[in-house]
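Have a look at data_11.cif; it's mmCIF, C-alpha atoms:
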```cif
data_work
loop_
_atom_site.label_atom_id
_atom_site.label_comp_id
_atom_site.auth_asym_id
_atom_site.auth_seq_id
_atom_site.Cartn_x
_atom_site.Cartn_y
_atom_site.Cartn_z
CA GLY A 1 -34.02 21.63 -1.76
CA ARG A 2 -35.57 18.48 -3.16
CA THR A 3 -39.06 19.96 -3.03
CA SER A 4 -38.20 22.98 -5.14
CA HIS A 5 -36.33 20.78 -7.59
CA ALA A 6 -39.32 18.47 -7.92
CA GLU A 7 -41.61 21.42 -8.60
CA GLU A 8 -39.25 22.69 -11.28
CA MET A 9 -39.28 19.28 -12.94
CA TYR A 10 -43.09 19.06 -12.90
CA ARG A 11 -43.35 22.53 -14.43
CA GLU A 12 -40.70 21.80 -17.03
CA VAL A 13 -42.37 18.57 -18.16
CA LEU A 14 -45.77 20.24 -18.41
CA ALA A 15 -44.39 23.17 -20.42
CA LEU A 16 -42.57 20.80 -22.77
CA ARG A 17 -45.64 18.65 -23.35
CA ARG A 18 -47.86 21.69 -23.92
CA SER A 19 -45.52 22.93 -26.64
CA LYS A 20 -44.75 19.58 -28.27
CA LEU A 21 -47.96 17.61 -27.84
CA GLY A 22 -50.65 20.22 -27.29
CA VAL A 23 -52.97 20.86 -24.39
CA LYS A 24 -55.41 18.09 -25.34
CA HIS A 25 -52.87 15.27 -25.41
CA PRO A 26 -53.35 12.67 -22.63
CA SER A 27 -49.72 13.05 -21.51
CA THR A 28 -50.12 16.82 -21.21
CA LEU A 29 -53.27 16.40 -19.14
CA ALA A 30 -51.53 13.85 -16.94
CA SER A 31 -48.68 16.30 -16.32
CA MET A 32 -51.21 19.04 -15.57
CA ASN A 33 -52.86 16.82 -12.98
CA ASN A 34 -49.51 15.80 -11.47
CA LEU A 35 -48.37 19.39 -11.04
CA ALA A 36 -51.74 20.37 -9.55
CA ALA A 37 -51.54 17.51 -7.02
CA PHE A 38 -47.98 18.47 -6.08
CA LEU A 39 -48.90 22.12 -5.60
CA LYS A 40 -51.96 21.18 -3.53
CA ASN A 41 -49.84 19.01 -1.26
CA MET A 42 -47.38 21.87 -0.86
CA GLY A 43 -50.19 24.22 0.14
CA LYS A 44 -50.01 26.28 -3.05
CA LEU A 45 -53.76 26.07 -3.56
CA ALA A 46 -54.13 29.22 -5.64
CA GLU A 47 -51.90 27.69 -8.31
CA ALA A 48 -53.31 24.18 -8.09
CA GLY A 49 -56.95 25.14 -8.67
CA PRO A 50 -56.66 26.50 -12.22
CA LEU A 51 -54.70 23.42 -13.31
CA TYR A 52 -57.33 21.05 -11.92
CA ARG A 53 -60.07 23.04 -13.65
CA GLU A 54 -58.25 23.19 -16.96
CA ALA A 55 -57.57 19.44 -16.98
CA LEU A 56 -61.22 18.69 -16.18
CA ALA A 57 -62.58 21.07 -18.83
CA VAL A 58 -60.39 19.54 -21.54
CA ARG A 59 -61.20 15.99 -20.52
CA ARG A 60 -64.96 16.64 -20.39
CA LYS A 61 -64.85 18.04 -23.92
CA LYS A 62 -62.39 15.57 -25.44
CA LEU A 63 -63.19 12.32 -23.61
CA GLY A 64 -66.76 12.74 -22.40
CA GLU A 65 -68.40 12.84 -18.98
CA ARG A 66 -67.99 9.16 -18.10
CA HIS A 67 -64.44 8.48 -19.25
CA PRO A 68 -62.27 7.20 -16.37
CA ASP A 69 -59.81 10.07 -16.82
CA THR A 70 -62.64 12.61 -16.70
CA LEU A 71 -64.00 10.99 -13.56
CA MET A 72 -60.53 11.14 -12.01
CA SER A 73 -60.36 14.87 -12.74
CA ILE A 74 -63.81 15.39 -11.22
CA ASN A 75 -62.71 13.53 -8.09
CA ASN A 76 -59.47 15.53 -7.89
CA LEU A 77 -61.21 18.87 -8.22
CA ALA A 78 -63.68 17.82 -5.53
CA GLY A 79 -60.78 17.11 -3.17
CA TYR A 80 -59.28 20.50 -3.92
CA LEU A 81 -62.59 22.28 -3.24
CA LYS A 82 -62.96 20.43 0.05
CA ILE A 83 -59.59 21.76 1.19
CA ARG A 84 -60.66 25.25 0.15
CA GLY A 85 -63.72 24.93 2.38
CA ARG A 86 -66.23 24.79 -0.47
CA LYS A 87 -67.87 21.64 0.82
CA LYS A 88 -71.17 21.91 -1.07
CA ASP A 89 -69.37 22.26 -4.39
CA ALA A 90 -67.07 19.40 -3.41
CA GLU A 91 -70.03 17.19 -2.51
CA THR A 92 -71.67 17.84 -5.88
CA LEU A 93 -68.52 16.80 -7.72
CA TYR A 94 -67.89 13.77 -5.50
CA ARG A 95 -71.42 12.56 -6.19
CA GLU A 96 -70.93 13.05 -9.93
CA ALA A 97 -67.65 11.14 -9.81
CA LEU A 98 -69.21 8.38 -7.72
CA ASP A 99 -72.21 7.96 -10.01
CA GLY A 100 -69.90 7.81 -13.01
CA ARG A 101 -67.48 5.36 -11.44
CA ARG A 102 -70.26 3.07 -10.23
CA ALA A 103 -71.70 2.98 -13.74
CA LYS A 104 -68.42 2.73 -15.62
CA LEU A 105 -66.16 0.74 -13.28
CA GLY A 106 -68.50 -1.03 -10.88
CA ASN A 107 -69.15 -0.76 -7.15
CA THR A 108 -66.04 -2.64 -6.01
CA HIS A 109 -63.45 -1.05 -8.30
CA GLN A 110 -60.68 0.61 -6.29
CA ASP A 111 -61.30 4.01 -7.91
CA THR A 112 -64.98 3.77 -6.96
CA LEU A 113 -64.03 2.92 -3.40
CA VAL A 114 -61.67 5.91 -3.24
CA THR A 115 -64.56 8.22 -4.14
CA ILE A 116 -66.93 6.48 -1.71
CA ASN A 117 -64.39 7.02 1.05
CA SER A 118 -63.79 10.66 0.09
CA LEU A 119 -67.52 11.47 -0.04
CA ALA A 120 -68.07 9.72 3.30
CA ASN A 121 -65.31 11.76 4.95
CA LEU A 122 -66.81 14.95 3.55
CA LEU A 123 -70.29 14.07 4.81
CA LYS A 124 -68.89 13.26 8.25
CA SER A 125 -67.26 16.70 8.35
CA THR A 126 -70.64 18.34 7.62
CA GLY A 127 -72.44 16.39 10.34
CA GLU A 128 -74.13 13.78 8.13
CA VAL A 129 -72.62 10.98 10.16
CA GLU A 130 -75.25 8.34 9.45
CA HIS A 131 -74.88 8.73 5.69
CA ALA A 132 -71.12 8.74 6.14
CA GLU A 133 -71.35 5.53 8.15
CA THR A 134 -73.31 3.81 5.37
CA LEU A 135 -70.71 4.73 2.77
CA HIS A 136 -67.78 3.77 4.98
CA ARG A 137 -69.37 0.38 5.61
CA GLU A 138 -69.75 -0.18 1.89
CA ALA A 139 -66.12 0.76 1.24
CA LEU A 140 -64.83 -1.38 4.11
CA THR A 141 -66.81 -4.45 3.05
CA ALA A 142 -65.56 -4.17 -0.52
CA ARG A 143 -61.95 -3.59 0.53
CA ARG A 144 -61.97 -6.54 2.91
CA GLN A 145 -63.20 -8.72 0.05
CA THR A 146 -60.90 -7.38 -2.66
CA LEU A 147 -57.75 -6.35 -0.78
CA GLY A 148 -57.79 -8.32 2.46
CA ASP A 149 -57.95 -7.20 6.08
CA SER A 150 -54.36 -6.01 6.39
CA HIS A 151 -54.07 -3.87 3.24
CA PRO A 152 -53.34 -0.19 3.99
CA ASN A 153 -56.54 0.90 2.22
CA THR A 154 -58.59 -1.58 4.23
CA LEU A 155 -57.00 -0.33 7.45
CA ALA A 156 -57.86 3.23 6.40
CA SER A 157 -61.49 2.21 5.90
CA ILE A 158 -61.54 0.49 9.29
CA HIS A 159 -60.25 3.67 10.91
CA ASN A 160 -62.68 5.88 8.98
CA LEU A 161 -65.72 3.81 9.92
CA ALA A 162 -64.61 3.92 13.56
CA ALA A 163 -64.32 7.70 13.36
CA ALA A 164 -67.83 7.98 11.91
CA LEU A 165 -69.27 5.75 14.63
CA GLN A 166 -67.44 7.74 17.28
CA GLU A 167 -69.51 10.79 16.34
CA GLN A 168 -72.68 8.98 17.39
CA SER A 169 -73.95 8.73 20.95
CA ALA A 170 -75.42 5.21 20.88
CA ARG A 171 -73.67 2.68 23.10
CA SER A 172 -73.55 0.15 20.26
CA ALA A 173 -71.81 2.71 18.04
CA LEU A 174 -69.12 3.38 20.64
CA GLU A 175 -68.59 -0.32 21.21
CA GLU A 176 -68.14 -0.95 17.49
CA ALA A 177 -65.90 2.10 17.13
CA GLU A 178 -63.64 0.81 19.88
CA ALA A 179 -63.37 -2.64 18.28
CA LEU A 180 -62.59 -1.13 14.88
CA TYR A 181 -59.98 1.25 16.27
CA ARG A 182 -58.28 -1.68 17.99
CA GLU A 183 -58.25 -3.65 14.75
CA ALA A 184 -56.90 -0.69 12.78
CA LEU A 185 -54.26 0.05 15.41
CA ALA A 186 -53.00 -3.54 15.46
CA GLY A 187 -52.89 -3.60 11.66
CA ARG A 188 -51.13 -0.26 11.35
CA ARG A 189 -48.59 -1.11 14.05
CA ALA A 190 -47.74 -4.28 12.11
CA ALA A 191 -47.71 -2.60 8.70
CA PHE A 192 -46.14 0.78 9.45
CA GLY A 193 -44.64 0.67 12.95
CA ASN A 194 -45.48 2.65 16.07
CA ASN A 195 -44.29 6.05 14.86
CA HIS A 196 -46.05 6.26 11.51
CA SER A 197 -48.58 9.09 11.21
CA SER A 198 -51.40 6.65 10.40
CA THR A 199 -50.64 4.58 13.50
CA LEU A 200 -50.58 7.68 15.68
CA LEU A 201 -53.87 8.88 14.23
CA THR A 202 -55.56 5.60 15.11
CA MET A 203 -53.92 5.53 18.55
CA ASN A 204 -55.36 8.96 19.26
CA GLY A 205 -58.76 7.88 17.94
CA LEU A 206 -58.85 4.85 20.22
CA ALA A 207 -57.88 6.97 23.20
CA ALA A 208 -60.65 9.43 22.34
CA VAL A 209 -63.35 6.77 22.07
CA LEU A 210 -62.24 5.27 25.39
CA HIS A 211 -62.44 8.76 26.84
CA SER A 212 -66.01 8.94 25.52
CA TRP A 213 -66.83 5.80 27.50
CA ILE A 214 -65.80 7.60 30.69
CA LEU A 215 -68.07 10.53 29.85
CA CYS A 216 -70.98 8.21 29.01
CA ILE A 217 -70.68 6.30 32.26
CA GLY A 218 -70.36 9.52 34.23
CA ALA A 219 -73.48 10.92 32.56
CA LEU A 220 -75.47 7.75 33.20
CA LEU A 221 -74.50 7.61 36.84
CA PHE A 222 -75.16 11.32 37.30
CA ALA A 223 -78.63 10.91 35.77
CA CYS A 224 -79.32 8.07 38.21
CA GLY A 225 -78.33 10.26 41.15
CA ILE A 226 -75.28 8.18 42.03
CA LEU A 227 -72.65 10.76 41.14
CA GLY A 228 -72.26 14.47 41.49
CA HIS A 229 -70.63 16.82 39.00
CA HIS A 230 -67.39 14.82 38.89
CA VAL A 231 -67.06 11.06 38.66
CA LYS A 232 -66.66 10.03 42.30
CA LEU A 233 -66.28 6.78 44.17
CA LEU A 234 -68.98 4.37 43.01
CA LYS A 235 -70.58 2.47 45.90
CA LYS A 236 -73.55 1.04 43.98
CA PRO A 237 -72.94 -0.92 40.75
CA TYR A 238 -76.37 -0.22 39.29
CA CYS A 239 -79.25 2.24 39.01
CA VAL A 240 -82.82 2.11 37.69
CA GLY A 241 -83.92 2.66 34.09
CA GLY A 242 -82.69 1.68 30.63
CA ASP A 243 -80.84 -1.42 29.46
CA ILE A 244 -78.19 -3.60 31.10
CA LEU A 245 -74.70 -2.23 30.53
CA LEU A 246 -71.52 -3.84 31.78
CA HIS A 247 -68.39 -1.75 31.47
CA SER A 248 -64.99 -3.16 32.40
CA GLN A 249 -62.41 -1.47 34.58
CA GLY A 250 -59.70 -2.21 32.03
CA ARG A 251 -61.26 -0.10 29.30
CA LEU A 252 -61.24 2.94 31.55
CA SER A 253 -57.78 2.43 32.97
CA GLU A 254 -56.03 2.31 29.59
CA VAL A 255 -57.20 5.69 28.30
CA GLN A 256 -54.56 7.82 30.01
CA PRO A 257 -51.59 5.60 29.00
CA LEU A 258 -52.82 5.65 25.39
CA TYR A 259 -53.03 9.43 25.37
CA ILE A 260 -49.56 9.69 26.91
CA GLU A 261 -48.05 7.26 24.39
CA ALA A 262 -49.73 9.02 21.48
CA LEU A 263 -48.59 12.43 22.73
CA LYS A 264 -44.99 11.29 23.24
CA ARG A 265 -44.74 9.73 19.79
CA ILE A 266 -46.55 12.55 18.00
CA ARG A 267 -44.31 15.15 19.63
CA ALA A 268 -41.20 13.15 18.67
CA GLN A 269 -42.34 12.95 15.06
CA LEU A 270 -43.90 16.37 14.53
CA GLY A 271 -42.33 18.65 17.13
CA ASP A 272 -43.81 20.74 19.93
CA ASP A 273 -45.52 23.40 17.83
CA HIS A 274 -47.35 21.16 15.38
CA PRO A 275 -51.18 21.45 15.61
CA THR A 276 -51.50 17.68 16.10
CA THR A 277 -49.10 17.82 19.06
CA ARG A 278 -51.05 20.61 20.67
CA SER A 279 -54.32 18.80 20.00
CA SER A 280 -52.93 15.70 21.74
CA ILE A 281 -51.91 17.80 24.75
CA HIS A 282 -55.43 19.21 24.94
CA ASN A 283 -56.91 15.71 24.68
CA LEU A 284 -54.92 14.51 27.67
CA ALA A 285 -55.71 17.68 29.61
CA ASN A 286 -59.42 17.29 28.89
CA LEU A 287 -59.30 13.71 30.16
CA MET A 288 -57.70 14.90 33.39
CA LYS A 289 -60.29 17.63 33.75
CA ASP A 290 -63.17 15.20 33.18
CA GLN A 291 -61.69 12.91 35.83
CA GLY A 292 -61.67 15.84 38.26
CA ASN A 293 -57.89 16.41 38.07
CA VAL A 294 -58.15 20.11 37.33
CA ARG A 295 -54.73 20.89 38.82
CA GLN A 296 -53.06 18.26 36.63
CA ALA A 297 -54.87 19.54 33.56
CA LYS A 298 -53.73 23.10 34.19
CA LEU A 299 -50.15 21.99 34.74
CA LEU A 300 -50.14 19.97 31.54
CA LEU A 301 -51.54 22.85 29.50
CA SER A 302 -49.16 25.43 30.98
CA TYR A 303 -46.07 23.21 30.89
CA GLY A 304 -46.91 21.06 27.90
CA LEU A 305 -47.58 24.04 25.64
CA SER A 306 -44.50 25.97 26.74
CA SER A 307 -41.30 26.12 24.74
CA GLU A 308 -39.43 24.25 27.48
CA ALA A 309 -41.77 21.25 27.32
CA GLY A 310 -40.02 19.70 24.38
CA GLN A 311 -36.76 19.42 26.30
CA SER A 312 -38.05 16.52 28.40
CA ASP A 313 -39.42 13.21 27.14
CA GLU A 314 -41.06 12.68 30.50
CA TYR A 315 -42.92 15.96 30.87
CA ALA A 316 -46.35 14.32 30.70
CA GLN A 317 -45.36 11.86 33.41
CA LEU A 318 -43.97 14.70 35.52
CA VAL A 319 -47.32 16.42 35.34
CA LEU A 320 -49.10 13.21 36.20
CA SER A 321 -46.98 12.87 39.35
CA GLN A 322 -48.36 16.11 40.79
CA PRO A 323 -50.81 15.87 43.73
CA ARG A 324 -54.32 15.10 42.60
CA GLU A 325 -57.10 17.58 43.20
CA PRO A 326 -59.98 15.85 45.02
CA ALA A 327 -63.35 16.02 43.32
CA ASP A 328 -65.28 16.52 46.55
CA GLY A 329 -62.58 17.19 49.10
CA SER A 330 -62.06 13.53 49.93
CA VAL A 331 -62.13 11.25 46.91
CA SER A 332 -59.90 11.78 43.89
CA ALA A 333 -61.06 10.99 40.36
CA PRO A 334 -58.54 8.21 39.66
CA GLU A 335 -59.94 6.31 42.67
CA THR A 336 -63.33 6.69 41.03
CA THR A 337 -62.41 5.17 37.70
CA ASN A 338 -60.57 2.32 39.42
CA ASN A 339 -63.72 1.49 41.36
CA ILE A 340 -66.10 1.56 38.39
CA THR A 341 -65.82 -2.08 37.48
CA ALA A 342 -69.36 -2.51 36.19
CA LEU A 343 -72.49 -0.51 35.60
CA GLN A 344 -75.75 -2.41 35.50
CA ILE A 345 -78.97 -0.67 34.60
CA GLY A 346 -82.14 -2.69 34.90
CA ASN A 347 -85.76 -2.47 35.87
CA GLY A 348 -85.30 -3.25 39.51
CA SER A 349 -83.24 -2.70 42.66
#
```

Show how you would write the structure in this file as C-alpha cells.
Amino acid sequence: GRTSHAEEMYREVLALRRSKLGVKHPSTLASMNNLAAFLKNMGKLAEAGPLYREALAVRRKKLGERHPDTLMSINNLAGYLKIRGRKKDAETLYREALDGRRAKLGNTHQDTLVTINSLANLLKSTGEVEHAETLHREALTARRQTLGDSHPNTLASIHNLAAALQEQSARSALEEAEALYREALAGRRAAFGNNHSSTLLTMNGLAAVLHSWILCIGALLFACGILGHHVKLLKKPYCVGGDILLHSQGRLSEVQPLYIEALKRIRAQLGDDHPTTRSSIHNLANLMKDQGNVRQAKLLLSYGLSSEAGQSDEYAQLVLSQPREPADGSVSAPETTNNITALQIGNGS
C-alpha cells in the first residue's frame, strides 16, 4: 500500500545519501530524522530509536549542543522516549532542548513553544499538573500573540491548558477549564469540522469537565447532609460552610448529549473496537452510574461494547430509553439534575 511504499522511499533516500554524501552531511541527517519519525508514527519504535540516537550523536559532535538542528534532535528523541515510557529520560532531554531553544531562539519562537508544550504534557502525565499549567499558560499566551486565537497550534494550547486545569479540584480551575474547552471546541469545529479527531478530543474533554461539575456538586451537597449516596431531588438550594457557588441547570443538562454526540462521531470515524471508542462508551456509562442510572450504565456497557453495537447509529439512544433505576426507590437521578438549578453556600441559613 501507500504506507509501505512511503517507507521504501524514505529508506532508499537515506541509503543513497549515506553513500553519496556521508553520514555527517545535513541532508543525510535530515533523511535519518524523517525515517525515524515515519517509523515512530507507524509504531515501529525499535527501528526508530537507533536512528534518532544516531542523528543526535552526529549533530552534537558536528554542530554543537546549541545548534537548532541539534536541539531539534534532542526534542525528537525526548518524544520517542516518552512513547517508550521512559518519562524521566524524556523530561531530562525536553528540559535540555527547552533551555537551548530559549537561549538560542527566544521564548516566543515556535520551536521553543513546541518544546514548552511537549514538556508540559509530559509533566501532566506524571502528576505535576501545577507545573504543567504554568508551561501551558506560557505557550498559550505566546501563541495567541504570535499566531492568533484561531490558529491550530493556539487551539491545541487552549485544549492542553484546559486538560491541565481539569486535573485540579479547585472550583476556579474547573470553571476556567470549561471556558477553555468551549473556546477550543468552537475553534476546532470552525477550522476542522465536527468529525476531525482534534474536535472530537475537545468535545470529549468538555463533556468530562461538565461531568466533573456534577460530581463536585454531589460531593458538596452530600457533605452538607442534603444528599445521600446518589444525587437525589434537591429541596434546599443552599447549605452552610464555604463560599457562595451558583451552578446553572444548563451546564448539567448538556453533559449527556455531549457524550452521546462524541461517542457517535468517534465510533463513525474510528470504529467499534478502537480504544477511544471504548473509552467514550465508558465515559457515558460512568456518567449514568454517577447519576444513579445503574441499569442504563450496565446496558450501555453490555450492548455498546458488543460486536452488534456498531450496526445501529442509535444504540446509545436506545439504551437511554430504558426505564431509569431510582436512586432511592422514588426519585430518579435525571429528576435530580434537572432540579439542581443553583447551589449557594454561605455563612448562614

What does the PyMOL selection byres ((chain A and resi 48-55) around 8) select in this file, as number ranges by chain? A: 29, 32-33, 35-37, 39-40, 44-47, 56-59, 73, 76-77, 80

How about saving the chosen residues, C-alpha atoms kept, as a compact mmCIF listing (two decimals), in the coordinates of the input?
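What landed in out.txt:
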```
# COMPACT_ATOMS: atom_id res chain seq x y z
CA LEU A 29 -53.27 16.40 -19.14
CA MET A 32 -51.21 19.04 -15.57
CA ASN A 33 -52.86 16.82 -12.98
CA LEU A 35 -48.37 19.39 -11.04
CA ALA A 36 -51.74 20.37 -9.55
CA ALA A 37 -51.54 17.51 -7.02
CA LEU A 39 -48.90 22.12 -5.60
CA LYS A 40 -51.96 21.18 -3.53
CA LYS A 44 -50.01 26.28 -3.05
CA LEU A 45 -53.76 26.07 -3.56
CA ALA A 46 -54.13 29.22 -5.64
CA GLU A 47 -51.90 27.69 -8.31
CA LEU A 56 -61.22 18.69 -16.18
CA ALA A 57 -62.58 21.07 -18.83
CA VAL A 58 -60.39 19.54 -21.54
CA ARG A 59 -61.20 15.99 -20.52
CA SER A 73 -60.36 14.87 -12.74
CA ASN A 76 -59.47 15.53 -7.89
CA LEU A 77 -61.21 18.87 -8.22
CA TYR A 80 -59.28 20.50 -3.92
```

For stretch 273-287 of chain A, find every residue with an atom within 8 Å (counting only C-alpha atoms), except residues of its own chain fewer than 3 positions away, and show them as a PyMOL selection string. chain A and resi 204+208+211+256+259-260+262-263+266-267+270+290-291+296-298+300-301+304-305

Starting from the shown file, work through the PyMOL selection byres ((chain A and resi 189) around 12) and note down what comes out as a list in words. Ser150, Pro152, Leu155, Tyr181, Arg182, Glu183, Ala184, Leu185, Ala186, Gly187, Arg188, Ala190, Ala191, Phe192, Gly193, Asn194, Asn195, His196, Ser197, Ser198, Thr199, Leu200, Leu201, Thr202 and Met203 of chain A

Separation of atom CA of A:Asn160 from atom CA of A:Arg144 in Å: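 The value is 13.8 Å.
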
Which residue is closest to A:Glu138? Choose from A:Ser157, A:Ser125, A:Asn75, A:Ser19 and count only C-alpha atoms.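 Ranking A:Ser157, A:Ser125, A:Asn75, A:Ser19 by distance to A:Glu138, first place goes to A:Ser157.
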
What is the atom CA of A:Leu258 to atom CA of A:Glu178 distance in Å?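 Answer for the atom CA of A:Leu258 to atom CA of A:Glu178 separation: 13.1 Å.
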
Residues picked by the PyMOL selection byres ((chain A and resi 108) around 12) here, as a PyMOL selection string? chain A and resi 98+101-107+109-116+138-147

How many Å lie between atom CA of A:Lys20 and atom CA of A:His67, rounded to one decimal?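 Rounded to one decimal, the two atoms are 24.3 Å apart.
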
Report as a list in words all protein, DNA and RNA residues lying within 12 Å of A:Glu12, evaluated on only C-alpha atoms, omitting residues in the same chain fewer than 4 positions from it.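 Contacts, with the query itself left out: His5, Ala6, Glu7, Glu8, Leu16, Arg17, Arg18, Ser19, Thr28, Ser31, Met32 and Leu35 of chain A.
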
Pick from A:Arg295, A:Lys87, A:His151, A:Lys61, whichever lies nearest to A:Lys124 using only C-alpha atoms: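 Of A:Arg295, A:Lys87, A:His151, A:Lys61, the one nearest A:Lys124, counting only C-alpha atoms, is A:Lys87.
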
Once you add 8 Å to each side, what are the centre and edge lengths of the axis-aligned box holding all listed atoms of stretch 22-36 of chain A? One decimal in Å, as lines of an AutoDock Vina configuration file, if you can.
```
center_x = -51.9
center_y = 16.8
center_z = -18.4
size_x = 23.0
size_y = 24.2
size_z = 33.7
```

Using all atoms listed in the file, which of the listed residues (A:Val23, A:Val209, A:Ala162, A:Leu119) sits closest to A:Lys62? A:Val23

Please identify all polymer residues lying at most 12 Å from the point (-67.3, 21.9, -4.1) (file coordinates), using only C-alpha atoms, and present the result as a PyMOL selection string. chain A and resi 49+74-96+119+122

Distance cut-off 12 Å, centre (-69.6, 6.4, 20.9) in file coordinates, counting all atoms listed in the file: which residues qualify? Return them as a VMD selection string. chain A and resid 161 to 181 205 to 217
